[in-house]
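Have a look at protein.cif below; it lists mmCIF, C-alpha atoms and all ligand atoms.
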data_data
loop_
_atom_site.group_PDB
_atom_site.id
_atom_site.type_symbol
_atom_site.label_atom_id
_atom_site.label_comp_id
_atom_site.auth_asym_id
_atom_site.auth_seq_id
_atom_site.Cartn_x
_atom_site.Cartn_y
_atom_site.Cartn_z
ATOM 1 C CA MET A 1 13.378 2.595 0.517
ATOM 2 C CA ARG A 2 12.488 -0.038 3.092
ATOM 3 C CA ILE A 3 9.092 -1.656 2.741
ATOM 4 C CA VAL A 4 7.040 -4.056 4.817
ATOM 5 C CA VAL A 5 4.461 -5.961 2.764
ATOM 6 C CA LEU A 6 1.225 -7.238 4.349
ATOM 7 C CA VAL A 7 -0.661 -10.171 2.796
ATOM 8 C CA SER A 8 -3.718 -12.287 3.564
ATOM 9 C CA GLY A 9 -3.726 -14.688 0.641
ATOM 10 C CA THR A 10 -1.778 -16.044 -2.275
ATOM 11 C CA GLY A 11 0.576 -13.100 -2.615
ATOM 12 C CA SER A 12 0.976 -13.025 -6.391
ATOM 13 C CA ASN A 13 1.350 -9.236 -6.285
ATOM 14 C CA LEU A 14 3.991 -9.713 -3.611
ATOM 15 C CA GLN A 15 5.742 -12.277 -5.834
ATOM 16 C CA ALA A 16 5.928 -9.675 -8.608
ATOM 17 C CA VAL A 17 7.607 -7.288 -6.162
ATOM 18 C CA ILE A 18 10.032 -10.000 -4.990
ATOM 19 C CA ASP A 19 10.890 -10.890 -8.608
ATOM 20 C CA ALA A 20 11.396 -7.250 -9.575
ATOM 21 C CA VAL A 21 13.719 -6.714 -6.608
ATOM 22 C CA LYS A 22 15.683 -9.869 -7.462
ATOM 23 C CA SER A 23 16.071 -8.883 -11.121
ATOM 24 C CA GLY A 24 17.241 -5.401 -10.162
ATOM 25 C CA GLU A 25 14.239 -3.741 -11.849
ATOM 26 C CA LEU A 26 12.987 -2.451 -8.489
ATOM 27 C CA ASP A 27 15.331 -0.835 -5.995
ATOM 28 C CA VAL A 28 13.595 -1.376 -2.647
ATOM 29 C CA GLU A 29 14.510 -3.381 0.423
ATOM 30 C CA ILE A 30 11.770 -5.784 1.547
ATOM 31 C CA ALA A 31 12.374 -5.592 5.305
ATOM 32 C CA ALA A 32 9.674 -8.156 6.099
ATOM 33 C CA VAL A 33 6.402 -9.714 4.956
ATOM 34 C CA GLY A 34 3.558 -10.063 7.448
ATOM 35 C CA ALA A 35 0.166 -11.765 7.467
ATOM 36 C CA ASP A 36 -3.004 -11.579 9.560
ATOM 37 C CA ARG A 37 -3.440 -15.354 9.671
ATOM 38 C CA GLU A 38 -1.456 -18.574 9.629
ATOM 39 C CA GLY A 39 -0.836 -20.668 6.548
ATOM 40 C CA THR A 40 -0.929 -18.119 3.733
ATOM 41 C CA TYR A 41 0.848 -18.836 0.476
ATOM 42 C CA GLY A 42 2.145 -15.263 0.624
ATOM 43 C CA ILE A 43 4.210 -16.104 3.705
ATOM 44 C CA GLU A 44 5.324 -19.407 2.166
ATOM 45 C CA ARG A 45 6.580 -17.570 -0.947
ATOM 46 C CA SER A 46 8.425 -15.085 1.265
ATOM 47 C CA ASP A 47 10.074 -17.835 3.317
ATOM 48 C CA GLU A 48 11.162 -19.466 0.056
ATOM 49 C CA ALA A 49 12.632 -16.146 -1.065
ATOM 50 C CA GLY A 50 14.604 -15.950 2.203
ATOM 51 C CA LEU A 51 12.682 -12.927 3.481
ATOM 52 C CA GLU A 52 11.875 -12.194 7.101
ATOM 53 C CA THR A 53 8.239 -13.047 7.864
ATOM 54 C CA PHE A 54 5.769 -12.662 10.705
ATOM 55 C CA VAL A 55 2.129 -13.387 11.508
ATOM 56 C CA VAL A 56 -0.037 -11.246 13.768
ATOM 57 C CA ASN A 57 -3.069 -13.499 13.831
ATOM 58 C CA PHE A 58 -6.300 -11.503 13.929
ATOM 59 C CA ASN A 59 -8.128 -14.376 15.641
ATOM 60 C CA SER A 60 -5.622 -14.590 18.501
ATOM 61 C CA PHE A 61 -6.579 -11.189 19.927
ATOM 62 C CA PRO A 62 -9.655 -10.480 22.045
ATOM 63 C CA THR A 63 -10.306 -7.134 20.362
ATOM 64 C CA ARG A 64 -9.538 -5.467 17.036
ATOM 65 C CA ALA A 65 -7.774 -2.646 18.922
ATOM 66 C CA GLU A 66 -5.359 -5.090 20.554
ATOM 67 C CA TRP A 67 -4.659 -6.804 17.239
ATOM 68 C CA ASP A 68 -4.098 -3.433 15.595
ATOM 69 C CA ALA A 69 -1.686 -2.321 18.340
ATOM 70 C CA ALA A 70 0.281 -5.574 18.038
ATOM 71 C CA LEU A 71 0.435 -5.242 14.239
ATOM 72 C CA THR A 72 1.552 -1.619 14.510
ATOM 73 C CA ALA A 73 4.344 -2.516 16.933
ATOM 74 C CA LYS A 74 5.497 -5.462 14.833
ATOM 75 C CA VAL A 75 5.606 -3.485 11.582
ATOM 76 C CA ALA A 76 7.192 -0.438 13.258
ATOM 77 C CA ALA A 77 10.049 -2.630 14.524
ATOM 78 C CA TYR A 78 11.201 -2.937 10.891
ATOM 79 C CA ALA A 79 11.235 0.868 10.487
ATOM 80 C CA PRO A 80 9.667 0.832 7.021
ATOM 81 C CA ASP A 81 9.495 3.911 4.817
ATOM 82 C CA VAL A 82 6.360 2.524 3.168
ATOM 83 C CA VAL A 83 3.963 -0.234 4.250
ATOM 84 C CA VAL A 84 2.305 -2.095 1.366
ATOM 85 C CA SER A 85 -1.070 -3.781 1.689
ATOM 86 C CA SER A 86 -0.869 -6.393 -1.047
ATOM 87 C CA GLY A 87 -4.099 -8.295 -0.769
ATOM 88 C CA PHE A 88 -4.203 -7.609 2.988
ATOM 89 C CA MET A 89 -7.895 -8.041 3.763
ATOM 90 C CA ARG A 90 -8.107 -6.063 7.012
ATOM 91 C CA ILE A 91 -8.949 -2.487 7.796
ATOM 92 C CA VAL A 92 -6.304 -0.873 10.012
ATOM 93 C CA SER A 93 -6.750 1.982 12.468
ATOM 94 C CA PRO A 94 -5.857 5.658 11.956
ATOM 95 C CA GLN A 95 -3.136 5.056 14.615
ATOM 96 C CA PHE A 96 -1.555 2.371 12.432
ATOM 97 C CA ILE A 97 -1.476 4.700 9.448
ATOM 98 C CA ASP A 98 -0.239 7.674 11.494
ATOM 99 C CA THR A 99 2.627 5.571 12.846
ATOM 100 C CA PHE A 100 3.939 5.279 9.289
ATOM 101 C CA GLY A 101 3.403 8.919 8.390
ATOM 102 C CA GLY A 102 0.455 8.059 6.176
ATOM 103 C CA ARG A 103 2.707 5.944 3.985
ATOM 104 C CA TYR A 104 0.403 2.969 3.673
ATOM 105 C CA LEU A 105 -0.005 1.818 0.088
ATOM 106 C CA ASN A 106 -2.871 -0.353 -1.122
ATOM 107 C CA THR A 107 -3.784 -2.035 -4.385
ATOM 108 C CA HIS A 108 -7.379 -2.679 -5.369
ATOM 109 C CA PRO A 109 -8.814 -4.658 -8.302
ATOM 110 C CA ALA A 110 -11.247 -1.969 -9.509
ATOM 111 C CA LEU A 111 -11.180 1.646 -10.639
ATOM 112 C CA LEU A 112 -11.785 3.405 -7.317
ATOM 113 C CA PRO A 113 -13.942 5.066 -6.131
ATOM 114 C CA SER A 114 -16.070 2.471 -7.958
ATOM 115 C CA PHE A 115 -16.429 -0.938 -6.361
ATOM 116 C CA PRO A 116 -14.513 -0.675 -3.084
ATOM 117 C CA GLY A 117 -14.535 -3.577 -0.645
ATOM 118 C CA ALA A 118 -13.640 -7.244 -0.671
ATOM 119 C CA HIS A 119 -15.574 -8.067 -3.860
ATOM 120 C CA GLY A 120 -14.512 -5.340 -6.276
ATOM 121 C CA VAL A 121 -14.350 -7.684 -9.267
ATOM 122 C CA ARG A 122 -17.639 -9.470 -8.535
ATOM 123 C CA ASP A 123 -19.413 -6.156 -7.942
ATOM 124 C CA ALA A 124 -18.120 -4.697 -11.225
ATOM 125 C CA ILE A 125 -19.453 -7.715 -13.169
ATOM 126 C CA ALA A 126 -22.776 -7.581 -11.306
ATOM 127 C CA TYR A 127 -23.191 -3.900 -12.159
ATOM 128 C CA GLY A 128 -22.458 -4.639 -15.806
ATOM 129 C CA VAL A 129 -19.606 -2.201 -16.387
ATOM 130 C CA LYS A 130 -17.686 -2.663 -19.636
ATOM 131 C CA VAL A 131 -14.409 -1.311 -18.289
ATOM 132 C CA THR A 132 -12.917 -1.865 -14.869
ATOM 133 C CA GLY A 133 -9.282 -2.047 -13.783
ATOM 134 C CA CYS A 134 -7.024 -1.587 -10.816
ATOM 135 C CA THR A 135 -5.923 1.190 -8.500
ATOM 136 C CA VAL A 136 -2.807 1.829 -6.440
ATOM 137 C CA HIS A 137 -3.472 4.403 -3.725
ATOM 138 C CA TRP A 138 -2.401 5.759 -0.379
ATOM 139 C CA ALA A 139 -4.771 4.082 2.034
ATOM 140 C CA ASP A 140 -6.519 5.821 4.891
ATOM 141 C CA ALA A 141 -8.609 4.143 7.585
ATOM 142 C CA GLY A 142 -11.605 3.695 5.267
ATOM 143 C CA VAL A 143 -12.455 0.830 2.946
ATOM 144 C CA ASP A 144 -10.316 1.366 -0.164
ATOM 145 C CA THR A 145 -10.308 5.136 0.266
ATOM 146 C CA GLY A 146 -7.413 7.586 0.133
ATOM 147 C CA PRO A 147 -5.502 9.526 -2.548
ATOM 148 C CA ILE A 148 -5.100 7.668 -5.840
ATOM 149 C CA ILE A 149 -1.577 7.320 -7.222
ATOM 150 C CA ALA A 150 -2.096 5.207 -10.347
ATOM 151 C CA GLN A 151 -4.853 3.423 -12.221
ATOM 152 C CA GLU A 152 -5.111 1.276 -15.292
ATOM 153 C CA ALA A 153 -8.193 0.093 -17.157
ATOM 154 C CA VAL A 154 -9.087 -3.478 -18.085
ATOM 155 C CA THR A 155 -11.919 -4.317 -20.508
ATOM 156 C CA VAL A 156 -14.667 -6.622 -19.249
ATOM 157 C CA GLU A 157 -15.435 -9.376 -21.801
ATOM 158 C CA ASP A 158 -19.001 -10.661 -22.273
ATOM 159 C CA ASN A 159 -18.108 -14.151 -21.078
ATOM 160 C CA ASP A 160 -15.946 -13.097 -18.115
ATOM 161 C CA SER A 161 -16.391 -14.826 -14.770
ATOM 162 C CA GLU A 162 -15.120 -13.224 -11.574
ATOM 163 C CA GLU A 163 -12.068 -15.508 -11.815
ATOM 164 C CA THR A 164 -11.136 -14.806 -15.455
ATOM 165 C CA LEU A 165 -11.570 -11.055 -15.036
ATOM 166 C CA HIS A 166 -9.653 -10.969 -11.749
ATOM 167 C CA GLU A 167 -6.756 -12.869 -13.342
ATOM 168 C CA ARG A 168 -6.515 -10.309 -16.183
ATOM 169 C CA ILE A 169 -6.749 -7.448 -13.695
ATOM 170 C CA LYS A 170 -4.021 -8.973 -11.545
ATOM 171 C CA VAL A 171 -1.622 -9.112 -14.508
ATOM 172 C CA VAL A 172 -2.026 -5.334 -14.841
ATOM 173 C CA GLU A 173 -2.130 -4.792 -11.061
ATOM 174 C CA ARG A 174 1.245 -6.489 -10.531
ATOM 175 C CA ARG A 175 2.898 -4.312 -13.169
ATOM 176 C CA LEU A 176 1.277 -1.149 -11.784
ATOM 177 C CA LEU A 177 2.356 -1.965 -8.213
ATOM 178 C CA VAL A 178 5.981 -2.545 -9.256
ATOM 179 C CA LYS A 179 5.993 0.636 -11.380
ATOM 180 C CA THR A 180 4.487 2.710 -8.556
ATOM 181 C CA LEU A 181 6.947 1.359 -5.992
ATOM 182 C CA SER A 182 9.769 2.106 -8.385
ATOM 183 C CA GLU A 183 8.624 5.723 -8.748
ATOM 184 C CA LEU A 184 8.160 6.078 -4.984
ATOM 185 C CA ALA A 185 11.640 4.637 -4.403
ATOM 186 C CA ALA A 186 13.099 7.219 -6.791
ATOM 187 C CA SER A 187 11.303 9.999 -4.865
ATOM 188 C CA HIS A 188 12.508 8.542 -1.606
ATOM 189 C CA GLU A 189 16.069 8.467 -2.896
ATOM 190 C CA ALA A 190 15.736 12.105 -3.962
ATOM 191 C CA GLY A 191 14.275 13.022 -0.553
ATOM 192 C CA THR A 192 11.006 14.146 -2.115
ATOM 193 C CA LEU A 193 8.676 11.309 -1.118
ATOM 194 C CA ARG A 194 5.432 12.903 0.026
ATOM 195 C CA VAL A 195 2.003 11.513 0.701
ATOM 196 C CA PRO A 196 -0.313 13.516 -1.584
ATOM 197 C CA GLN A 197 -3.337 15.244 -0.107
ATOM 198 C CA ALA A 198 -6.758 13.917 -1.056
ATOM 199 C CA GLY A 199 -9.098 15.954 -3.222
HETATM 200 C C1 LIG B 1 -5.470 -8.452 -5.538
HETATM 201 O O1 LIG B 1 -6.269 -8.311 -6.693
HETATM 202 C C2 LIG B 1 -5.734 -7.349 -4.541
HETATM 203 O O2 LIG B 1 -5.954 -6.117 -5.108
HETATM 204 C C3 LIG B 1 -6.990 -7.864 -3.909
HETATM 205 O O3 LIG B 1 -6.765 -9.235 -3.736
HETATM 206 C C4 LIG B 1 -5.859 -9.667 -4.726
HETATM 207 C C5 LIG B 1 -4.683 -10.265 -4.007
HETATM 208 O O4 LIG B 1 -4.009 -11.137 -4.831
HETATM 209 N N1 LIG B 1 -7.297 -7.152 -2.702
HETATM 210 P P1 LIG B 1 -2.614 -11.763 -4.393
HETATM 211 O O5 LIG B 1 -2.743 -12.253 -2.965
HETATM 212 O O6 LIG B 1 -1.559 -10.712 -4.556
HETATM 213 O O7 LIG B 1 -2.420 -12.902 -5.358
#
Could the structure of this file be written out as structure tokens, please?
Ligand code: GRF
Amino acid sequence: MRIVVLVSGTGSNLQAVIDAVKSGELDVEIAAVGADREGTYGIERSDEAGLETFVVNFNSFPTRAEWDAALTAKVAAYAPDVVVSSGFMRIVSPQFIDTFGGRYLNTHPALLPSFPGAHGVRDAIAYGVKVTGCTVHWADAGVDTGPIIAQEAVTVEDNDSEETLHERIKVVERRLLVKTLSELAASHEAGTLRVPQAG
């Protein structure tokens, strides 16, 4: 199963995928890693790992539609079976998702449909929930919407800050992402990889 991974930040989830591939735990081919801006640690990690990388800089395009079309073309050139948004902080168009047959995977640091958006951890603490977690799902063109594949809970401690809670969630999130990719790769190998229907 060929994957293209998209990042916007530090790429620790991506690093877990790279490590799992290197150790033989995860049988996928990382065709390339892309970012929406220059200078991300995610791209630096990928260069260090000897992976192909690219940047389609959101700020270099006059409109979102033009950026989206350029991103779609760039990713499509690698002919991925699955595209993984791993901390990729941009909404993509329905055309982007259609190009990859709906096979656009996202991870989110909350138990969706609770706390979607860029501040899922902060919002969970602000609401006062006692349990939150992480979600791996097929993404559609909404904000953290689309059919859920896997979730795992993480307990919120009384003295948690956004940072301490997010770090504990990310430990679980990395494991869940690798496990989900591994299961998807097995389905792909068997010729049974399907994007589940919502609802
Ligand atoms: C992850 O928690 C992801 O779900 C969220 O941002 C974080 C990215 O972390 N959208 P990293 O870049 O993989 O370290």
Selection result of the PyMOL selection byres (((not hetatm)) within 6 of (chain B and resi 1)) on this file, as JSON, numbers by chain: {"A": [9, 10, 11, 12, 13, 14, 86, 87, 107, 108, 109, 170]}
What is the CA of Ala110 (chain A) to CA of Val5 (chain A) distance in Å? 20.3 Å
Near Pro80 (chain A), within 8 Å and counting all atoms listed in the file, which residues show up once chain neighbours fewer than 2 positions away are dropped, as a ChimeraX atom specification? /A:1-4,31,75-76,78,82-83,100
For the structure shown, which residues end up in the PyMOL selection byres (((chain A and resi 98) around 12) and not hetatm)? Put them as a VMD selection string, please? chain A and resid 72 76 82 to 83 92 to 97 99 to 104 139 to 141 195
Determine the residue membership of the PyMOL selection byres (((chain A and resi 26) around 10) and not hetatm) for the file above and supply it as a PyMOL selection string. chain A and resi 17-25+27-29+178-183+185-186
Spatial neighbours of region 40-45 of chain A, 8 Å, all atoms listed in the file, chain gap at least 2 places, as a PyMOL selection string: chain A and resi 7-12+14-15+33-35+37-38+47-49+53-54
In Å and to one decimal, CA of Lys74 (chain A) is distant from CA of Val56 (chain A) by 8.1 Å
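One finds CA of Thr164 (chain A) at 28.1 Å from CA of Pro147 (chain A).
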Starting from 5 Å padding per side, set up an axis-aligned box that covers all listed atoms of region 22-25 of chain A and hand over centre and edge lengths in Å, one decimal, as AutoDock Vina command-line options.
--center_x 15.7 --center_y -6.8 --center_z -9.7 --size_x 13.0 --size_y 16.1 --size_z 14.4
List as a PyMOL selection string the protein and nucleic acid residues near Ile91 (chain A), meaning an atom at most 12 Å away when only C-alpha atoms are counted, but skip any in the same chain fewer than 6 places from it. chain A and resi 6+8+36+58+64-65+67-68+71+85+97+104+106+117-118+139-145
Within 10 Å of Ala16 (chain A) using all atoms listed in the file, minus same-chain residues under 6 positions, as a PyMOL selection string: chain A and resi 22+171+173-175+177-178
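Excluding Val156 (chain A) and any residue on its chain fewer than 4 positions from it, the residues at most 12 Å away by all atoms listed in the file are Ala110, Val121, Arg122, Ala124, Ile125, Ala126, Tyr127, Gly128, Val129, Lys130, Val131, Thr132, Gly133, Asp160, Ser161, Glu162, Glu163, Thr164, Leu165, His166, Glu167, Arg168 and Ile169 of chain A.
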